[in-house]
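Participant: Contents of entry35.cif (mmCIF, C-alpha atoms) are given next:
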```cif
data_coords
loop_
_atom_site.label_atom_id
_atom_site.label_comp_id
_atom_site.auth_asym_id
_atom_site.auth_seq_id
_atom_site.Cartn_x
_atom_site.Cartn_y
_atom_site.Cartn_z
CA MET A 198 8.54 13.85 46.93
CA TYR A 199 8.55 10.67 44.87
CA SER A 200 8.94 7.13 46.20
CA LYS A 201 12.21 5.40 45.46
CA ILE A 202 11.97 2.27 43.38
CA LYS A 203 13.06 -0.39 45.85
CA ALA A 204 12.59 -3.35 43.51
CA LYS A 205 15.31 -5.71 42.36
CA VAL A 206 15.58 -5.61 38.58
CA PHE A 207 16.21 -8.73 36.52
CA THR A 208 17.22 -8.52 32.87
CA PRO A 209 16.50 -11.84 31.13
CA LYS A 210 17.67 -12.23 27.53
CA THR A 211 15.15 -14.85 26.43
CA LEU A 212 11.53 -15.76 27.12
CA LYS A 213 12.69 -19.05 28.63
CA GLU A 214 14.85 -17.10 31.06
CA TYR A 215 11.94 -14.76 31.87
CA PHE A 216 9.51 -17.52 32.72
CA GLY A 217 12.21 -19.33 34.69
CA ILE A 218 12.83 -16.22 36.80
CA ILE A 219 9.20 -15.40 37.56
CA LYS A 220 8.43 -18.97 38.64
CA ASN A 221 10.20 -18.19 41.90
CA LEU A 222 8.91 -14.69 42.43
CA THR A 223 5.94 -13.07 44.08
CA ASN A 224 5.03 -9.40 43.99
CA PHE A 225 6.75 -8.77 40.66
CA LYS A 226 5.93 -6.93 37.47
CA PRO A 227 7.30 -7.31 33.95
CA VAL A 228 8.64 -4.02 32.60
CA ALA A 229 9.32 -3.13 28.98
CA GLY A 230 10.05 0.60 28.65
CA GLY A 231 8.57 1.42 32.01
CA THR A 232 7.18 4.82 31.06
CA ASP A 233 3.88 4.01 32.78
CA LEU A 234 5.18 1.61 35.39
CA THR A 235 8.01 3.69 36.86
CA VAL A 236 5.68 6.67 37.18
CA LYS A 237 3.15 4.55 39.10
CA ILE A 238 5.84 3.36 41.48
CA LYS A 239 7.29 6.86 41.95
CA GLU A 240 3.84 8.22 42.74
CA GLY A 241 3.25 5.50 45.28
CA GLU A 242 0.39 3.92 43.34
CA LEU A 243 2.17 0.63 42.90
CA LYS A 244 4.63 -1.29 45.04
CA CYS A 245 6.51 -4.36 43.96
CA ASP A 246 9.60 -6.21 45.10
CA PHE A 247 10.83 -7.27 41.68
CA LEU A 248 10.86 -5.84 38.18
CA VAL A 249 11.65 -8.20 35.35
CA ALA A 250 12.80 -6.23 32.31
CA ILE A 251 11.68 -7.70 28.98
CA ASN A 252 12.87 -4.93 26.65
CA ASN A 253 15.94 -6.91 25.59
CA ILE A 254 14.18 -10.15 24.65
CA SER A 255 14.54 -10.44 20.87
CA GLU A 256 11.60 -12.84 20.58
CA LEU A 257 9.39 -9.95 21.67
CA LYS A 258 10.70 -7.56 19.03
CA THR A 259 9.89 -9.43 15.83
CA ILE A 260 7.73 -7.89 13.10
CA LYS A 261 6.37 -10.35 10.57
CA ILE A 262 4.31 -9.48 7.52
CA PHE A 263 2.52 -12.15 5.50
CA ASN A 264 -0.08 -11.03 2.95
CA ASP A 265 -2.73 -9.15 4.89
CA GLU A 266 -1.50 -10.29 8.28
CA ILE A 267 0.96 -8.25 10.32
CA TYR A 268 2.43 -9.60 13.55
CA ILE A 269 4.02 -7.07 15.90
CA GLY A 270 6.12 -8.23 18.84
CA ALA A 271 5.00 -6.64 22.10
CA CYS A 272 8.32 -4.97 22.92
CA ASN A 273 8.67 -2.88 19.79
CA THR A 274 8.90 0.78 20.80
CA PHE A 275 6.57 3.30 19.24
CA SER A 276 9.51 4.98 17.49
CA GLU A 277 10.51 1.67 15.93
CA LEU A 278 6.96 1.06 14.73
CA LEU A 279 6.58 4.62 13.39
CA SER A 280 9.62 4.15 11.18
CA ASN A 281 8.34 0.85 9.73
CA SER A 282 7.09 1.45 6.19
CA MET A 283 4.55 -1.39 6.26
CA ILE A 284 2.96 -0.21 9.48
CA LYS A 285 2.82 3.37 8.14
CA LYS A 286 0.06 2.15 5.80
CA LEU A 287 -2.12 1.35 8.81
CA LYS A 288 -3.14 4.95 9.18
CA ALA A 289 -5.16 4.56 12.37
CA LEU A 290 -2.34 2.74 14.14
CA HIS A 291 0.35 5.03 12.77
CA ASN A 292 -1.49 8.20 13.79
CA SER A 293 -2.36 6.79 17.22
CA MET A 294 1.33 6.29 17.91
CA LYS A 295 2.44 9.56 16.32
CA SER A 296 0.82 11.78 18.93
CA LEU A 297 1.37 9.51 21.91
CA GLY A 298 3.43 11.10 24.67
CA SER A 299 6.48 12.77 23.21
CA PRO A 300 9.55 11.74 21.16
CA GLN A 301 11.31 10.81 24.41
CA ILE A 302 8.44 8.60 25.52
CA ARG A 303 8.04 7.00 22.09
CA ASN A 304 11.73 6.04 22.07
CA ILE A 305 11.21 3.86 25.15
CA ALA A 306 7.50 3.00 25.44
CA THR A 307 6.31 -0.20 23.79
CA ILE A 308 3.04 -1.18 22.15
CA GLY A 309 2.76 -4.18 24.46
CA GLY A 310 3.17 -1.99 27.50
CA ASN A 311 0.50 0.41 26.22
CA ILE A 312 -1.94 -2.50 25.84
CA ALA A 313 -1.07 -4.37 29.04
CA ASN A 314 -1.19 -1.21 31.16
CA ALA A 315 -4.84 -1.06 30.05
CA SER A 316 -5.33 2.64 30.60
CA PRO A 317 -8.77 3.81 29.43
CA ALA A 318 -6.97 6.53 27.46
CA ALA A 319 -4.30 4.32 25.87
CA ASP A 320 -3.92 5.60 22.31
CA SER A 321 -2.94 2.41 20.48
CA ILE A 322 -5.96 0.42 21.67
CA PRO A 323 -8.80 2.09 19.70
CA ALA A 324 -6.70 1.74 16.55
CA LEU A 325 -6.05 -1.93 17.24
CA LEU A 326 -9.77 -2.43 17.89
CA VAL A 327 -10.70 -1.25 14.39
CA TYR A 328 -8.22 -3.69 12.85
CA ASP A 329 -9.73 -6.63 14.79
CA ALA A 330 -6.35 -7.15 16.41
CA VAL A 331 -5.67 -10.48 18.05
CA LEU A 332 -3.31 -10.69 21.02
CA THR A 333 -0.93 -13.59 21.59
CA ILE A 334 -0.42 -14.42 25.26
CA GLY A 335 1.99 -16.97 26.68
CA ASP A 336 2.99 -18.42 30.03
CA GLY A 337 6.17 -20.20 29.03
CA ILE A 338 4.42 -23.50 28.38
CA LYS A 339 1.50 -22.66 26.13
CA LYS A 340 0.28 -19.74 24.08
CA TYR A 341 -3.24 -18.63 23.31
CA GLU A 342 -4.85 -15.92 21.25
CA ILE A 343 -7.56 -13.53 22.31
CA SER A 344 -9.37 -10.83 20.39
CA ILE A 345 -8.44 -7.43 21.74
CA ASP A 346 -12.07 -6.54 22.31
CA LYS A 347 -12.27 -9.33 24.90
CA PHE A 348 -8.98 -8.47 26.58
CA PHE A 349 -10.10 -5.62 28.86
CA VAL A 350 -12.45 -5.97 31.81
CA ASP A 351 -12.23 -2.69 33.72
CA PHE A 352 -10.10 0.41 34.31
CA TYR A 353 -6.46 -0.69 34.09
CA LYS A 354 -7.61 -4.32 34.22
CA SER A 355 -7.22 -7.01 31.63
CA VAL A 356 -7.57 -10.78 31.58
CA LEU A 357 -3.80 -11.18 31.74
CA LYS A 358 -2.76 -13.40 34.65
CA GLU A 359 0.36 -12.76 36.73
CA ASN A 360 2.25 -15.66 35.17
CA GLU A 361 1.30 -14.60 31.61
CA LEU A 362 2.96 -12.22 29.22
CA LEU A 363 1.57 -10.39 26.20
CA LEU A 364 3.84 -11.62 23.42
CA GLY A 365 2.52 -9.91 20.32
CA ILE A 366 -0.30 -8.44 18.32
CA LYS A 367 -1.72 -9.69 15.04
CA ILE A 368 -3.48 -7.27 12.73
CA TYR A 369 -5.40 -8.05 9.57
CA ALA A 370 -5.53 -5.19 7.13
CA LYS A 371 -6.46 -5.53 3.51
CA ASP A 372 -5.00 -3.03 1.07
CA ASN A 373 -8.35 -1.38 0.43
CA LEU A 374 -9.00 -0.80 4.11
CA LYS A 375 -9.17 2.90 4.95
CA SER A 376 -8.56 3.95 8.55
CA ASP A 377 -7.57 6.84 10.74
CA PHE A 378 -7.25 7.97 14.36
CA LEU A 379 -8.31 11.30 15.82
CA LYS A 380 -7.28 12.59 19.20
CA VAL A 381 -8.45 15.46 21.36
CA GLY A 382 -6.01 16.52 24.05
CA HIS A 383 -5.09 19.65 25.97
CA ARG A 384 -2.13 20.22 23.68
CA LYS A 385 -0.52 18.77 20.57
CA SER A 386 2.18 16.88 22.45
CA LEU A 387 2.78 15.50 25.92
CA ALA A 388 -0.99 15.17 26.32
CA ILE A 389 -3.01 12.20 27.42
CA SER A 390 -6.12 11.82 25.26
CA ARG A 391 -9.15 13.62 26.55
CA LEU A 392 -10.96 11.49 24.01
CA ASN A 393 -9.99 9.66 20.86
CA VAL A 394 -11.70 7.98 17.94
CA ALA A 395 -10.40 5.32 15.55
CA TYR A 396 -12.21 4.02 12.52
CA SER A 397 -11.77 1.74 9.55
CA HIS A 398 -13.92 0.79 6.60
CA ILE A 399 -13.68 -0.91 3.24
CA GLU A 400 -15.22 1.27 0.56
CA ARG A 401 -17.63 2.75 3.11
CA LYS A 402 -18.82 -0.68 4.19
CA ASN A 403 -17.81 -2.81 7.18
CA TRP A 404 -17.35 0.23 9.34
CA LYS A 405 -15.42 -0.30 12.53
CA ILE A 406 -15.37 2.49 15.09
CA ALA A 407 -13.73 2.63 18.50
CA ILE A 408 -13.47 5.33 21.15
CA GLY A 409 -11.04 5.78 24.00
CA ALA A 410 -10.81 7.82 27.19
CA VAL A 411 -14.58 7.68 27.66
CA THR A 412 -15.45 4.24 29.02
CA PRO A 413 -13.40 2.15 31.49
CA PHE A 414 -11.51 0.75 28.49
CA PRO A 415 -11.64 1.60 24.78
CA VAL A 416 -14.64 0.02 23.04
CA ARG A 417 -16.09 -0.60 19.63
CA LEU A 418 -19.33 1.26 18.87
CA LYS A 419 -21.17 -1.66 17.28
CA MET A 420 -24.57 0.08 17.04
CA ILE A 421 -23.06 3.08 15.29
CA GLU A 422 -21.08 0.79 12.99
CA GLU A 423 -24.32 -0.80 11.85
CA PHE A 424 -26.00 2.58 11.62
CA PHE A 425 -23.27 3.83 9.27
CA ASN A 426 -24.19 1.06 6.88
CA THR A 427 -27.66 2.59 6.43
CA ALA A 428 -28.33 5.69 4.37
CA ASP A 429 -30.02 7.73 7.06
CA VAL A 430 -27.14 9.04 9.13
CA THR A 431 -27.80 12.27 11.02
CA LEU A 432 -25.84 13.99 13.76
CA SER A 433 -28.70 13.80 16.25
CA LYS A 434 -29.20 10.07 15.65
CA ILE A 435 -25.47 9.50 16.13
CA LYS A 436 -25.60 11.36 19.43
CA GLU A 437 -28.58 9.30 20.58
CA LEU A 438 -26.90 5.99 19.75
CA LEU A 439 -23.64 7.15 21.29
CA LYS A 440 -25.35 7.82 24.63
CA ILE A 441 -26.89 4.35 24.59
CA GLU A 442 -23.65 2.59 23.63
CA ILE A 443 -21.59 4.38 26.27
CA SER A 444 -24.22 3.66 28.92
CA ASN A 445 -23.64 -0.06 28.30
CA TYR A 446 -20.15 0.35 29.70
CA SER A 447 -20.32 3.19 32.14
CA GLU A 448 -22.60 5.24 34.34
CA TYR A 449 -23.02 8.84 33.28
CA ARG A 450 -19.96 10.93 34.12
CA LYS A 451 -19.82 14.74 34.22
CA SER A 452 -17.25 14.75 31.44
CA TYR A 453 -19.82 13.19 29.10
CA GLY A 454 -21.53 16.58 28.85
CA TYR A 455 -18.45 17.60 26.89
CA LYS A 456 -17.31 14.32 25.37
CA ILE A 457 -20.55 13.03 23.86
CA PRO A 458 -21.32 16.06 21.64
CA VAL A 459 -17.66 16.25 20.57
CA ILE A 460 -17.45 12.56 19.65
CA ALA A 461 -20.80 12.77 17.84
CA GLU A 462 -19.49 15.65 15.74
CA MET A 463 -16.28 13.76 15.02
CA LEU A 464 -18.22 10.68 13.94
CA TYR A 465 -20.52 12.74 11.73
CA LYS A 466 -17.50 14.40 10.15
CA ILE A 467 -15.89 11.00 9.57
CA TYR A 468 -19.07 9.71 7.93
CA THR A 469 -19.62 12.73 5.68
CA SER A 470 -16.02 13.34 4.71
CA TYR A 471 -15.92 10.66 2.06
CA MET B 285 23.37 -3.49 45.49
CA ASP B 286 23.61 -4.05 41.79
CA PHE B 287 25.70 -2.56 39.02
CA VAL B 288 25.33 -1.44 35.42
CA ARG B 289 27.86 -1.17 32.59
CA PHE B 290 27.33 1.38 29.88
CA GLU B 291 29.10 3.97 27.77
CA LEU B 292 28.84 7.51 29.11
CA ASN B 293 29.98 10.37 26.90
CA GLY B 294 32.32 8.07 25.02
CA ASN B 295 33.76 6.27 28.03
CA LYS B 296 32.90 2.71 29.02
CA ILE B 297 32.04 2.67 32.72
CA SER B 298 30.65 0.37 35.38
CA VAL B 299 28.65 1.90 38.24
CA GLU B 300 27.40 0.40 41.44
CA ILE B 301 23.69 1.20 41.82
CA GLU B 302 20.58 0.25 43.71
CA SER B 303 18.86 -2.21 41.40
CA GLY B 304 15.75 -0.07 40.83
CA GLU B 305 17.66 3.20 40.53
CA LEU B 306 16.62 5.69 37.88
CA LEU B 307 19.13 6.98 35.37
CA ILE B 308 18.80 10.60 36.49
CA ASP B 309 19.82 9.64 40.01
CA THR B 310 22.72 7.50 38.82
CA LEU B 311 23.99 10.34 36.64
CA ARG B 312 23.53 13.15 39.16
CA ASN B 313 24.35 11.43 42.44
CA ARG B 314 26.80 8.69 41.59
CA LEU B 315 28.54 10.16 38.56
CA ASN B 316 28.24 13.84 39.52
CA ILE B 317 26.71 14.74 36.14
CA LYS B 318 24.82 17.78 37.36
CA SER B 319 23.79 19.02 33.90
CA VAL B 320 20.88 16.56 33.96
CA LYS B 321 18.04 18.40 35.71
CA GLN B 322 14.84 17.07 37.22
CA GLY B 323 11.71 18.93 36.14
CA CYS B 324 8.42 17.11 36.61
CA GLY B 325 9.96 13.77 37.56
CA ILE B 326 7.33 11.80 35.61
CA GLY B 327 8.43 12.06 31.98
CA GLU B 328 6.12 14.91 31.00
CA CYS B 329 8.48 17.88 30.51
CA GLY B 330 11.72 16.62 28.95
CA THR B 331 13.98 18.65 31.27
CA CYS B 332 15.86 15.49 32.24
CA THR B 333 16.45 14.46 28.62
CA VAL B 334 19.64 12.52 27.84
CA LEU B 335 20.52 10.71 24.64
CA LEU B 336 20.35 6.92 24.62
CA ASP B 337 22.05 5.57 21.49
CA ASN B 338 21.65 9.09 20.06
CA GLU B 339 17.90 9.24 20.72
CA PRO B 340 16.32 11.49 23.37
CA VAL B 341 14.81 9.79 26.43
CA CYS B 342 13.60 11.00 29.82
CA SER B 343 16.16 9.91 32.41
CA CYS B 344 13.74 10.49 35.31
CA ILE B 345 11.64 7.46 34.39
CA LEU B 346 14.31 5.23 32.88
CA LEU B 347 15.63 2.42 35.06
CA SER B 348 19.43 2.50 35.00
CA LYS B 349 19.51 -1.27 34.48
CA LEU B 350 17.86 -0.71 31.09
CA VAL B 351 20.90 1.18 29.73
CA GLU B 352 23.19 -1.83 30.14
CA ASN B 353 25.65 -1.95 27.19
CA ARG B 354 24.13 1.13 25.60
CA LYS B 355 25.44 4.64 24.87
CA VAL B 356 24.37 7.55 27.04
CA MET B 357 25.18 11.18 26.26
CA THR B 358 24.79 14.27 28.41
CA VAL B 359 25.87 17.82 27.48
CA GLU B 360 29.24 17.16 29.11
CA GLY B 361 29.84 14.87 26.14
CA LEU B 362 28.29 17.10 23.51
CA LYS B 363 30.95 18.33 21.09
CA HIS B 364 29.26 20.59 18.57
CA SER B 365 30.43 24.16 18.88
CA LYS B 366 28.23 25.31 15.98
CA LEU B 367 25.09 24.16 17.83
CA LYS B 368 26.18 25.80 21.05
CA SER B 369 27.08 29.10 19.31
CA ALA B 370 23.75 29.06 17.47
CA PHE B 371 21.88 28.70 20.79
CA ILE B 372 23.81 31.64 22.18
CA SER B 373 23.59 33.95 19.19
CA ARG B 374 19.87 33.24 18.66
CA GLY B 375 19.03 33.85 22.32
CA ALA B 376 17.75 30.30 22.74
CA VAL B 377 18.85 30.25 26.40
CA GLN B 378 17.14 32.34 29.09
CA CYS B 379 16.95 30.71 32.51
CA GLY B 380 18.85 27.72 31.15
CA PHE B 381 16.93 25.05 33.00
CA CYS B 382 15.53 23.32 29.88
CA THR B 383 18.76 23.92 27.99
CA PRO B 384 20.75 20.73 28.64
CA GLY B 385 17.80 18.58 27.59
CA MET B 386 16.95 20.87 24.69
CA LEU B 387 20.53 20.86 23.39
CA LEU B 388 20.66 17.08 23.43
CA THR B 389 17.33 16.76 21.59
CA ALA B 390 18.61 19.36 19.08
CA TYR B 391 21.81 17.37 18.65
CA SER B 392 19.86 14.16 18.00
CA ILE B 393 18.00 16.05 15.25
CA ILE B 394 21.19 17.37 13.70
CA LEU B 395 22.80 13.92 13.70
CA LYS B 396 20.15 12.71 11.26
CA LYS B 397 21.30 15.32 8.73
CA GLU B 398 17.79 15.73 7.30
CA LYS B 399 16.42 19.01 5.96
CA LEU B 400 13.38 19.71 8.12
CA THR B 401 10.49 22.14 7.92
CA ASP B 402 9.67 24.35 10.90
CA ALA B 403 6.70 22.08 11.65
CA GLU B 404 8.96 19.01 11.65
CA ILE B 405 11.47 20.67 13.97
CA LYS B 406 8.66 21.65 16.32
CA GLU B 407 7.42 18.08 16.38
CA LYS B 408 10.90 16.80 17.23
CA ILE B 409 11.36 19.21 20.15
CA SER B 410 7.76 18.77 21.34
CA GLY B 411 8.97 16.65 24.25
CA ASN B 412 11.10 19.47 25.71
CA LEU B 413 9.09 22.17 27.45
CA CYS B 414 10.54 25.68 27.73
CA ARG B 415 8.74 28.28 29.80
CA CYS B 416 10.99 31.21 28.89
CA THR B 417 11.75 31.52 25.20
CA GLY B 418 8.49 30.72 23.45
CA TYR B 419 10.53 28.25 21.34
CA ASN B 420 11.13 30.48 18.28
CA GLN B 421 14.75 31.21 19.18
CA ILE B 422 15.37 27.50 19.75
CA ILE B 423 13.87 26.60 16.37
CA GLU B 424 15.94 29.30 14.63
CA ALA B 425 19.11 28.04 16.32
CA ILE B 426 18.44 24.50 15.13
CA LYS B 427 17.74 25.76 11.59
CA ASP B 428 21.06 27.64 11.62
CA VAL B 429 22.85 24.31 12.05
CA LEU B 430 20.73 22.03 9.86
#
```
When written as structure tokens, how does the structure in this file appear?

Facilitator:
Amino acid sequence: MYSKIKAKVFTPKTLKEYFGIIKNLTNFKPVAGGTDLTVKIKEGELKCDFLVAINNISELKTIKIFNDEIYIGACNTFSELLSNSMIKKLKALHNSMKSLGSPQIRNIATIGGNIANASPAADSIPALLVYDAVLTIGDGIKKYEISIDKFFVDFYKSVLKENELLLGIKIYAKDNLKSDFLKVGHRKSLAISRLNVAYSHIERKNWKIAIGAVTPFPVRLKMIEEFFNTADVTLSKIKELLKIEISNYSEYRKSYGYKIPVIAEMLYKIYTSY
Amino acid sequence: MDFVRFELNGNKISVEIESGELLIDTLRNRLNIKSVKQGCGIGECGTCTVLLDNEPVCSCILLSKLVENRKVMTVEGLKHSKLKSAFISRGAVQCGFCTPGMLLTAYSIILKKEKLTDAEIKEKISGNLCRCTGYNQIIEAIKDVL
């Protein structure tokens, strides 16, 4: 019923080893936990000759906190991040990870994998968007940083090149930043988001709002963010703006008949609940 | 062919595997550990749950190479008679198909020795689907041991 995974698996212990191995490979994929990747291969959606496991590379598991800046290594599992007391304060990120998959998935799946897989419904991404997260990408020789809202280009597609690896995520979160993440799914666990909303604000100013599982990749709602800074927020105006914003990323889909009113209500509730 | 070294139910072993083999296949087909069952095969039901360093994981989507030097536990290695009796006396087993995975997840909860509310127990077993019991008996059994 499922395809066998015919790839040869490498298990480098350092980044240097990783980049040395992939230099001589074609048709390979890096794998951290593999909870998305192995499923794709089993279902025949993806074929590759080599898998290069990065879950054991300690350089990818660091967590560094310096004032308002938090750096999270790409290969931290969701369980590891959920038990980190500093990251617990980032309510949007914490809650986005809390309902992702199941305990079994969270014990293996990594934040870097969630981002790099670039699913439109990936739960950590809307949260990272409202913290202005910056991604660190490297190719073994140089590193560069890119804002997460420039990282995605289409369904399951990012700017990451084959010889590049997502190394870590930087988040800036002041103490007075309030944030949260809301998810709608078919059930409370083991459910991919039908839609999700993340938001952050500082004393009801500087609103940042992101939605997932609606457009080809999660996006910030910049018009609605500005709108929330005015005094005249109504549900119908939110709905109007929402339609316009979504149309900038995607043609109308049948599911929008359900998703747009629901998201509008969620946004109105977020705005009025303070 | 490739091989992987890990600790299985307390014993250090080395198994010859296909490089991209999944843990469920290594356990069932090479090590004859038939307690590990395949449900959905894509990590969405928890039937194939085993413990990796005492934490529940889905063996159907875990590459065997990723358990190198780590500890794997299946019910064959589960020594907790109180947990097993609680499952029996509470009627937490009906068809039994989810049971190996459910027992291991329950054991990982008990190992942490925390007092948990019903809601917290439910959250911790939320990755193990059971179509028979409706979960109440399972939750009661876990509470008996906690």

Participant: Report the distance between atom CA of A:Pro300 and atom CA of B:Glu407 in Å, rounded to one decimal place.

Facilitator: 8.2 Å

Participant: Please check the contacts: residues of chain A at most 7 Å away from chain B, using all atoms listed in the file, listed as a PyMOL selection string.

Facilitator: chain A and resi 202-206+231-232+235-236+299-302+304+386-387

Participant: What's the 9 Å shell around B:Lys355, counting only C-alpha atoms, without same-chain residues fewer than 4 positions away, as a PDB file with C-alpha atoms, in the coordinates of the input?

Facilitator:
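Output (part.pdb):
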```
ATOM      1  CA  PHE B 290      27.330   1.380  29.880  1.00  0.00           C
ATOM      2  CA  GLU B 291      29.100   3.970  27.770  1.00  0.00           C
ATOM      3  CA  LEU B 292      28.840   7.510  29.110  1.00  0.00           C
ATOM      4  CA  ASN B 293      29.980  10.370  26.900  1.00  0.00           C
ATOM      5  CA  GLY B 294      32.320   8.070  25.020  1.00  0.00           C
ATOM      6  CA  LYS B 296      32.900   2.710  29.020  1.00  0.00           C
ATOM      7  CA  LEU B 335      20.520  10.710  24.640  1.00  0.00           C
ATOM      8  CA  LEU B 336      20.350   6.920  24.620  1.00  0.00           C
ATOM      9  CA  ASP B 337      22.050   5.570  21.490  1.00  0.00           C
ATOM     10  CA  ASN B 338      21.650   9.090  20.060  1.00  0.00           C
ATOM     11  CA  VAL B 351      20.900   1.180  29.730  1.00  0.00           C
TER      12      VAL B 351
END
```

Participant: Mind listing as a PyMOL selection string all residues within 9 Å of (17.3, 22.5, 27.1), counting all atoms listed in the file?

Facilitator: chain B and resi 330-333+376-377+380-390+412-414

Participant: For the residues in the current selection, export C-alpha atoms as a PDB file, keeping the file's coordinate frame.

Facilitator:
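Result file follows (selection-v8.pdb):
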```pdb
ATOM      1  CA  GLY B 330      11.720  16.620  28.950  1.00  0.00           C
ATOM      2  CA  THR B 331      13.980  18.650  31.270  1.00  0.00           C
ATOM      3  CA  CYS B 332      15.860  15.490  32.240  1.00  0.00           C
ATOM      4  CA  THR B 333      16.450  14.460  28.620  1.00  0.00           C
ATOM      5  CA  ALA B 376      17.750  30.300  22.740  1.00  0.00           C
ATOM      6  CA  VAL B 377      18.850  30.250  26.400  1.00  0.00           C
ATOM      7  CA  GLY B 380      18.850  27.720  31.150  1.00  0.00           C
ATOM      8  CA  PHE B 381      16.930  25.050  33.000  1.00  0.00           C
ATOM      9  CA  CYS B 382      15.530  23.320  29.880  1.00  0.00           C
ATOM     10  CA  THR B 383      18.760  23.920  27.990  1.00  0.00           C
ATOM     11  CA  PRO B 384      20.750  20.730  28.640  1.00  0.00           C
ATOM     12  CA  GLY B 385      17.800  18.580  27.590  1.00  0.00           C
ATOM     13  CA  MET B 386      16.950  20.870  24.690  1.00  0.00           C
ATOM     14  CA  LEU B 387      20.530  20.860  23.390  1.00  0.00           C
ATOM     15  CA  LEU B 388      20.660  17.080  23.430  1.00  0.00           C
ATOM     16  CA  THR B 389      17.330  16.760  21.590  1.00  0.00           C
ATOM     17  CA  ALA B 390      18.610  19.360  19.080  1.00  0.00           C
ATOM     18  CA  ASN B 412      11.100  19.470  25.710  1.00  0.00           C
ATOM     19  CA  LEU B 413       9.090  22.170  27.450  1.00  0.00           C
ATOM     20  CA  CYS B 414      10.540  25.680  27.730  1.00  0.00           C
TER      21      CYS B 414
END
```

Participant: May I ask for the distance between atom CA of A:Pro209 and atom CA of A:Leu357, given in Å to one decimal place?

Facilitator: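 Separation between atom CA of A:Pro209 and atom CA of A:Leu357: 20.3 Å.
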
Participant: Report, in Å with one decimal, the straight-line distance from atom CA of A:Ile366 to atom CA of A:Glu342.

Facilitator: 9.2 Å
